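Trainee: Pasting structure_35.tsv below, which is TSV, C-alpha atoms and all ligand atoms.
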chain	number	residue	atom	x	y	z
U	1	MET	CA	194.18	106.24	-105.84
U	2	SER	CA	195.88	103.23	-107.36
U	3	ALA	CA	195.83	99.99	-105.36
U	4	LYS	CA	198.96	99.02	-103.48
U	5	GLN	CA	200.46	95.62	-104.21
U	6	CYS	CA	202.31	93.10	-102.09
U	7	TYR	CA	205.94	93.31	-103.28
U	8	VAL	CA	206.31	89.53	-103.13
U	9	CYS	CA	203.20	87.96	-104.70
U	10	HIS	CA	201.89	91.13	-106.41
U	11	LYS	CA	198.33	90.66	-105.11
U	12	ASN	CA	196.44	93.89	-104.56
U	13	LEU	CA	196.44	94.81	-100.90
U	14	THR	CA	192.99	95.17	-99.39
U	15	SER	CA	191.79	95.81	-95.87
U	16	LYS	CA	191.45	92.03	-95.59
U	17	ASN	CA	194.90	90.81	-96.66
U	18	ASP	CA	197.13	93.81	-95.85
U	19	SER	CA	199.52	93.22	-92.96
U	20	ARG	CA	201.52	95.20	-90.46
U	21	GLU	CA	205.14	94.48	-91.34
U	22	HIS	CA	208.02	95.07	-88.92
U	23	ILE	CA	210.76	95.99	-91.37
U	24	PHE	CA	213.50	95.46	-88.74
U	25	LEU	CA	211.91	92.57	-86.80
U	26	ASP	CA	209.53	93.03	-83.94
U	27	SER	CA	211.58	90.52	-81.93
U	28	LEU	CA	214.71	92.66	-82.34
U	29	GLY	CA	213.06	95.81	-81.11
U	30	ASP	CA	211.29	97.39	-84.09
U	31	PRO	CA	208.42	99.26	-82.45
U	32	SER	CA	206.67	100.56	-85.55
U	33	PRO	CA	205.22	98.24	-88.18
U	34	VAL	CA	204.16	99.60	-91.55
U	35	SER	CA	201.20	98.61	-93.69
U	36	GLY	CA	200.74	98.60	-97.45
U	37	ILE	CA	203.83	96.64	-98.51
U	38	LEU	CA	203.20	92.94	-97.80
U	39	CYS	CA	200.13	90.73	-97.76
U	40	ARG	CA	199.53	88.63	-94.68
U	41	ASP	CA	200.52	85.33	-96.33
U	42	CYS	CA	203.83	86.67	-97.62
U	43	ASN	CA	204.54	88.37	-94.31
U	44	ASN	CA	204.07	85.05	-92.51
U	45	TRP	CA	206.14	83.22	-95.10
U	46	LEU	CA	209.07	85.66	-94.81
U	47	GLY	CA	208.76	85.61	-91.03
U	48	GLU	CA	209.08	81.86	-90.97
U	49	LYS	CA	211.73	81.37	-93.67
U	50	VAL	CA	213.92	84.46	-93.24
U	51	ASP	CA	213.25	86.36	-90.01
U	52	TYR	CA	213.12	83.49	-87.57
U	53	ALA	CA	216.63	82.15	-88.19
U	54	PHE	CA	217.97	85.70	-88.32
U	55	TYR	CA	216.40	86.47	-84.96
U	56	ASN	CA	217.96	83.35	-83.46
U	57	THR	CA	221.38	84.43	-84.67
U	58	PHE	CA	221.16	87.87	-83.10
U	59	LYS	CA	218.88	87.51	-80.10
U	60	GLU	CA	221.74	87.28	-77.57
U	61	LEU	CA	223.36	90.38	-79.03
U	62	TYR	CA	220.00	92.16	-78.95
U	63	LYS	CA	219.56	91.26	-75.28
U	64	THR	CA	222.67	93.29	-74.47
U	65	VAL	CA	220.95	96.46	-75.70
U	66	SER	CA	217.25	95.71	-75.28
U	67	GLY	CA	216.89	98.22	-72.45
U	68	LYS	CA	215.68	95.50	-70.09
U	69	LEU	CA	217.53	93.37	-67.56
U	70	GLU	CA	218.36	90.22	-69.52
U	71	LEU	CA	220.27	87.01	-68.96
U	72	VAL	CA	222.71	86.91	-71.84
U	73	LYS	CA	224.65	83.86	-72.93
U	74	MET	CA	228.22	84.92	-73.63
U	75	ALA	CA	231.65	83.40	-74.01
U	76	VAL	CA	234.83	84.62	-72.39
U	77	SER	CA	237.31	85.97	-74.90
U	78	ASN	CA	239.95	83.42	-75.85
U	79	THR	CA	238.33	80.49	-74.04
U	80	SER	CA	235.36	78.32	-74.80
U	81	ASP	CA	233.74	78.87	-71.37
U	82	THR	CA	230.18	80.11	-71.59
U	83	PHE	CA	228.48	82.23	-68.97
U	84	ILE	CA	225.03	83.57	-68.35
U	85	ILE	CA	225.51	87.25	-67.70
U	86	PRO	CA	222.87	89.52	-66.17
U	87	MET	CA	223.06	92.62	-68.31
U	88	LYS	CA	221.17	95.81	-68.99
U	89	ASN	CA	222.08	98.32	-71.69
U	90	GLN	CA	225.52	96.82	-72.26
U	91	VAL	CA	226.42	97.00	-68.56
U	92	ILE	CA	226.95	93.83	-66.49
U	93	GLN	CA	224.58	94.03	-63.55
U	94	ASN	CA	225.61	93.65	-59.97
U	95	SER	CA	224.16	90.21	-59.36
U	96	PRO	CA	226.00	86.90	-59.26
U	97	ILE	CA	227.21	85.66	-62.60
U	98	LYS	CA	226.41	82.04	-63.04
U	99	ALA	CA	229.44	80.29	-64.39
U	100	GLN	CA	229.06	77.15	-66.43
U	101	ASN	CA	231.79	74.53	-66.28
U	102	THR	CA	234.16	76.57	-64.14
U	103	PHE	CA	235.36	74.09	-61.56
U	104	HIS	CA	238.12	71.58	-61.99
U	105	GLN	CA	238.62	69.41	-58.93
U	106	HIS	CA	241.82	67.37	-59.14
U	107	ASN	CA	241.45	65.14	-56.09
U	108	ASN	CA	239.89	65.22	-52.65
U	109	GLU	CA	242.60	67.27	-51.00
U	110	LEU	CA	243.72	69.57	-53.69
U	111	PHE	CA	241.68	71.42	-56.19
U	112	THR	CA	241.79	74.50	-58.30
U	113	ALA	CA	238.74	76.50	-59.19
U	114	ARG	CA	237.88	79.71	-60.92
U	115	PHE	CA	235.21	82.09	-59.72
U	116	LEU	CA	233.92	85.23	-61.24
U	117	ASP	CA	233.33	87.10	-58.02
U	118	MET	CA	233.77	86.70	-54.27
U	119	THR	CA	230.11	85.81	-53.71
U	120	ASP	CA	230.45	82.96	-56.14
U	121	ALA	CA	233.68	81.77	-54.49
U	122	LYS	CA	232.39	82.00	-50.89
U	123	GLU	CA	229.20	80.14	-51.73
U	124	PHE	CA	231.21	77.38	-53.33
U	125	ILE	CA	233.57	77.09	-50.36
U	126	GLU	CA	230.73	77.02	-47.83
U	127	LYS	CA	229.19	74.11	-49.71
U	128	LYS	CA	232.51	72.25	-49.70
U	129	LYS	CA	232.96	72.82	-45.95
U	130	LYS	CA	229.44	71.62	-45.21
U	131	ARG	CA	229.97	68.44	-47.14
U	132	ALA	CA	233.28	67.86	-45.32
U	133	ARG	CA	231.67	68.35	-41.87
U	134	LYS	CA	229.00	65.80	-42.78
U	135	ASN	CA	231.78	63.29	-43.40
U	136	ASN	CA	233.51	64.29	-40.16
U	137	GLN	CA	236.34	65.87	-42.05
U	138	HIS	CA	237.81	69.27	-41.62
U	139	ILE	CA	238.95	71.10	-44.68
U	140	ASP	CA	240.32	74.57	-44.70
U	141	PHE	CA	239.92	76.53	-47.87
U	142	GLN	CA	241.62	79.75	-48.62
U	143	ILE	CA	241.20	82.05	-51.52
U	144	GLU	CA	244.63	82.87	-52.77
U	145	LYS	CA	244.03	84.99	-55.79
U	146	THR	CA	241.31	87.27	-56.98
U	147	ALA	CA	240.88	88.28	-60.58
U	148	SER	CA	238.76	90.84	-62.28
U	149	ILE	CA	235.71	89.96	-64.37
U	150	PRO	CA	236.93	88.76	-67.74
U	151	GLN	CA	235.98	90.22	-71.08
U	152	PHE	CA	232.85	88.62	-72.46
U	153	GLU	CA	231.89	88.57	-76.07
U	154	ILE	CA	229.22	87.36	-78.42
U	155	ILE	CA	230.25	86.28	-81.87
U	156	PRO	CA	227.13	85.41	-83.88
U	157	GLN	CA	227.62	82.66	-86.42
U	158	ILE	CA	226.46	84.42	-89.54
U	159	ASP	CA	225.00	82.42	-92.41
U	160	LYS	CA	225.95	84.39	-95.52
U	161	VAL	CA	222.84	83.58	-97.53
U	162	LEU	CA	220.39	84.12	-94.72
U	163	PHE	CA	222.04	87.33	-93.53
U	164	THR	CA	222.00	88.71	-97.06
U	165	LEU	CA	218.34	87.78	-97.52
U	166	GLU	CA	217.38	89.55	-94.31
U	167	ILE	CA	219.33	92.69	-95.27
U	168	LEU	CA	217.63	92.58	-98.65
U	169	LYS	CA	214.26	92.16	-96.99
U	170	MET	CA	214.89	95.13	-94.71
U	171	ALA	CA	216.06	97.22	-97.67
U	172	THR	CA	213.09	96.23	-99.82
U	173	GLY	CA	210.57	96.82	-97.04
U	174	TYR	CA	212.07	100.16	-96.14
U	175	LEU	CA	212.30	101.41	-99.74
U	176	HIS	CA	208.66	100.46	-100.35
U	177	SER	CA	207.63	102.15	-97.12
U	178	ILE	CA	209.10	105.45	-98.34
U	179	ASN	CA	207.74	104.93	-101.89
U	180	TYR	CA	211.22	104.84	-103.40
U	181	LYS	CA	211.00	105.14	-107.16
U	182	GLY	CA	214.31	103.59	-108.26
U	183	TYR	CA	215.33	99.99	-108.82
U	184	ILE	CA	214.82	97.65	-105.86
U	185	LEU	CA	216.72	94.35	-106.06
U	186	GLY	CA	214.30	92.60	-103.69
U	187	ASP	CA	211.47	93.21	-106.18
U	188	ASP	CA	213.25	90.80	-108.51
U	189	ILE	CA	214.38	88.28	-105.93
U	190	PHE	CA	211.51	87.77	-103.49
U	191	PRO	CA	208.81	87.03	-106.10
U	192	ILE	CA	211.08	84.34	-107.59
U	193	LEU	CA	211.78	82.80	-104.18
U	194	PHE	CA	208.06	82.90	-103.46
U	195	ARG	CA	207.29	81.01	-106.65
U	196	TYR	CA	209.51	78.15	-105.45
U	197	LYS	CA	208.47	78.39	-101.82
U	198	ASN	CA	207.48	74.74	-101.56
U	199	GLN	CA	210.99	73.52	-102.27
U	200	ALA	CA	212.64	71.68	-99.38
U	201	ASP	CA	215.47	74.23	-99.25
U	202	PRO	CA	213.83	77.66	-99.32
U	203	TYR	CA	217.06	79.45	-100.21
U	204	PHE	CA	218.39	77.23	-102.96
U	205	LEU	CA	217.70	79.76	-105.73
U	206	PHE	CA	219.38	82.55	-103.82
U	207	LYS	CA	222.48	80.69	-102.68
U	208	GLU	CA	224.89	81.69	-105.40
U	209	ILE	CA	223.82	85.31	-105.67
U	210	GLY	CA	223.52	85.56	-101.89
U	211	ILE	CA	227.13	84.53	-101.33
U	212	ILE	CA	228.44	86.90	-104.02
U	213	TYR	CA	226.38	89.72	-102.57
U	214	PHE	CA	227.57	88.96	-99.05
U	215	ASP	CA	231.26	88.78	-99.99
U	216	LYS	CA	231.20	91.83	-102.27
U	217	ILE	CA	228.81	94.19	-100.51
U	218	ILE	CA	228.01	93.15	-96.96
U	219	LEU	CA	231.32	91.73	-95.71
U	220	PRO	CA	233.27	94.96	-96.41
U	221	CYS	CA	230.67	96.78	-94.25
U	222	LEU	CA	230.92	94.28	-91.41
U	223	THR	CA	234.70	94.50	-91.37
U	224	ASN	CA	234.75	98.28	-91.76
U	225	ARG	CA	235.75	99.41	-88.27
U	226	GLU	CA	234.59	102.95	-88.83
U	227	LEU	CA	231.11	101.86	-89.79
U	228	GLN	CA	230.89	99.27	-87.02
U	229	ASN	CA	232.16	101.70	-84.40
U	230	ILE	CA	229.21	104.00	-84.98
U	231	HIS	CA	226.73	102.99	-82.30
U	232	PHE	CA	223.41	104.29	-83.40
U	233	LEU	CA	220.72	104.16	-80.73
U	234	PRO	CA	221.52	100.80	-79.09
U	235	GLY	CA	218.61	98.40	-79.45
U	236	LYS	CA	217.02	100.39	-82.26
U	237	SER	CA	217.12	99.45	-85.93
U	238	PHE	CA	216.59	101.82	-88.80
U	239	ALA	CA	217.39	102.54	-92.44
U	240	THR	CA	218.13	105.80	-94.18
U	241	ILE	CA	219.34	106.90	-97.60
U	242	THR	CA	222.66	108.55	-96.81
U	243	ASN	CA	223.10	110.14	-100.22
U	244	TYR	CA	221.70	109.37	-103.66
U	245	HIS	CA	223.48	106.07	-103.98
U	246	TYR	CA	223.63	104.37	-100.58
U	247	LEU	CA	221.18	102.92	-98.11
U	248	LEU	CA	222.43	102.63	-94.54
U	249	ILE	CA	220.84	99.92	-92.43
U	250	SER	CA	221.59	99.69	-88.73
U	251	ILE	CA	220.46	96.54	-86.95
U	252	ILE	CA	219.89	97.06	-83.21
U	253	GLY	CA	222.31	99.98	-83.42
U	254	LEU	CA	225.28	97.59	-83.39
U	255	ILE	CA	225.53	96.08	-86.87
U	256	ASN	CA	225.74	98.60	-89.66
U	257	VAL	CA	225.53	97.89	-93.37
U	258	SER	CA	225.76	100.42	-96.17
U	259	ILE	CA	224.57	99.13	-99.52
U	260	PRO	CA	224.56	100.77	-102.93
U	261	LEU	CA	221.07	101.48	-104.20
U	262	ASN	CA	221.71	100.65	-107.85
U	263	LEU	CA	222.49	97.08	-106.98
U	264	ASN	CA	221.96	95.42	-110.33
U	265	ALA	CA	225.13	97.00	-111.72
U	266	PRO	CA	227.84	95.49	-109.43
U	267	LEU	CA	226.21	92.07	-109.42
U	268	THR	CA	225.78	91.67	-113.17
U	269	ASP	CA	229.30	92.99	-113.71
U	270	SER	CA	230.70	90.07	-111.77
U	271	TYR	CA	229.56	87.51	-114.35
U	301	ZN	ZN	201.93	88.62	-100.95
Output the structure of this file as C-alpha cells.
Mentor:
Amino acid sequence: MSAKQCYVCHKNLTSKNDSREHIFLDSLGDPSPVSGILCRDCNNWLGEKVDYAFYNTFKELYKTVSGKLELVKMAVSNTSDTFIIPMKNQVIQNSPIKAQNTFHQHNNELFTARFLDMTDAKEFIEKKKKRARKNNQHIDFQIEKTASIPQFEIIPQIDKVLFTLEILKMATGYLHSINYKGYILGDDIFPILFRYKNQADPYFLFKEIGIIYFDKIILPCLTNRELQNIHFLPGKSFATITNYHYLLISIIGLINVSIPLNLNAPLTDSY
C-alpha cells in the first residue's frame, strides 16, 4: 500500500499527522469528516485562512436551515432595517420578533411606530401608558393599522477570491476523498499558497486567478436561477460528479455551483 500524502504540503500522512477534514465545513453542518487527504497543520492553516471567513459570510444563511431553532439576523427587503428572527427550517417561529430601530417618535403627543406583530405593539403601548401615568398624564393609544410580517432576506456579501478558494478547497478535498484520477486544480494552487503562507495577505497570489475564476465559472452558477432553485437537502452540503466533465457542489443545500472538472483549459485560454 503506497503512503497517502497531504495534498497541500505533500508530507506523507501517518497516524500521527493525519487529520479528520470536514470537506464542507463542520460549522456549516458537514457531519462526516474524512481522513487521508490533509495533514493536521495544513488542515488548521486552511481552517484559519479560508474556512473561517467563509463560515462568517454564510452562518446566518446556514442558521435558516440548520434544523434547530435559531435567532437569525435578517434585513427586510427594500429597507435597511435589521431584525432578529426566530427561525427553524426556513419557517419563522411563533415567538415575538425583536425589531431593531423600528420606532420613530415625532413629539410627545404624536408618534408613528411600526410593529411586526400585535404582541410587540401591545407591549410597547403598555410601556408608554405606564410612563404617562407616572407623570400624571393620560394618553390614549390606538392601533390604526395592522400589516403582515414583511419579507425578510439575507444577502451575504461574497468576497470573490475567498469564495472561489473555498469552492476550490471543497472540490479538491472531495476529489481526493473519492480518489479521483484526473487533473485537480487545487493540487496546483494550494501548495503554492502554502509556500507563501507567512505573507501578510494570505490570498495575494490567488487574487488575479481567483477573480477570473469567480467571474467566468462561479458567477454564472450563482446567477443561474435553475441551479439555485434546486434545494438539495436544506442544511446539508455535498459534492457529486454529475457527468464526466462537471462537479456539482451544494453548500447547505441553498448555494449550488457546478464547475467543469478539466479546469486548466478555460483558465489558460483566457490569457
Ligand atoms: Zn500538509
Trainee: Measuring atom to atom with all atoms listed in the file, identify which of U:Leu193, U:Val91, U:Cys221, U:Ile85 is nearest to ligand ZN 301 (chain U).
Mentor: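 Using all atoms listed in the file, ligand ZN 301 (chain U) sits closest to U:Leu193.
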Trainee: Please write out the residues within 8 Å of ligand ZN 301 (chain U) as a ChimeraX atom specification, counting all atoms listed in the file.
Mentor: /U:5-11,38-43
Trainee: Would you please work out which residue, of U:Lys169, U:Lys49, U:His22, U:Lys236, is nearest to Asn198 (chain U) when using all atoms listed in the file?
Mentor: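 Selected residue with least distance to Asn198 (chain U): U:Lys49.
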Trainee: Would you compute the distance between CA of Ile251 (chain U) and CA of Ser237 (chain U)? Give it in Å to one decimal.
Mentor: 4.5 Å
Trainee: Considering all atoms listed in the file, state which residue in the set U:Ile178, U:Leu247, U:Met118, U:Ile92 is at the smallest distance from Ser35 (chain U).
Mentor: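 Answer, going by the shortest atom-to-atom distance: U:Ile178.
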Trainee: Which is closest to Asn17 (chain U) among U:Pro31, U:Asn89, U:Ile37, U:Leu227, if we use all atoms listed in the file?
Mentor: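 Ranked by minimum distance to Asn17 (chain U), first place goes to U:Ile37.
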Trainee: Which residue gives the smallest distance to Val34 (chain U) among U:Lys68, U:Lys181, U:His176, U:Lys197, with only C-alpha atoms counted?
Mentor: U:His176
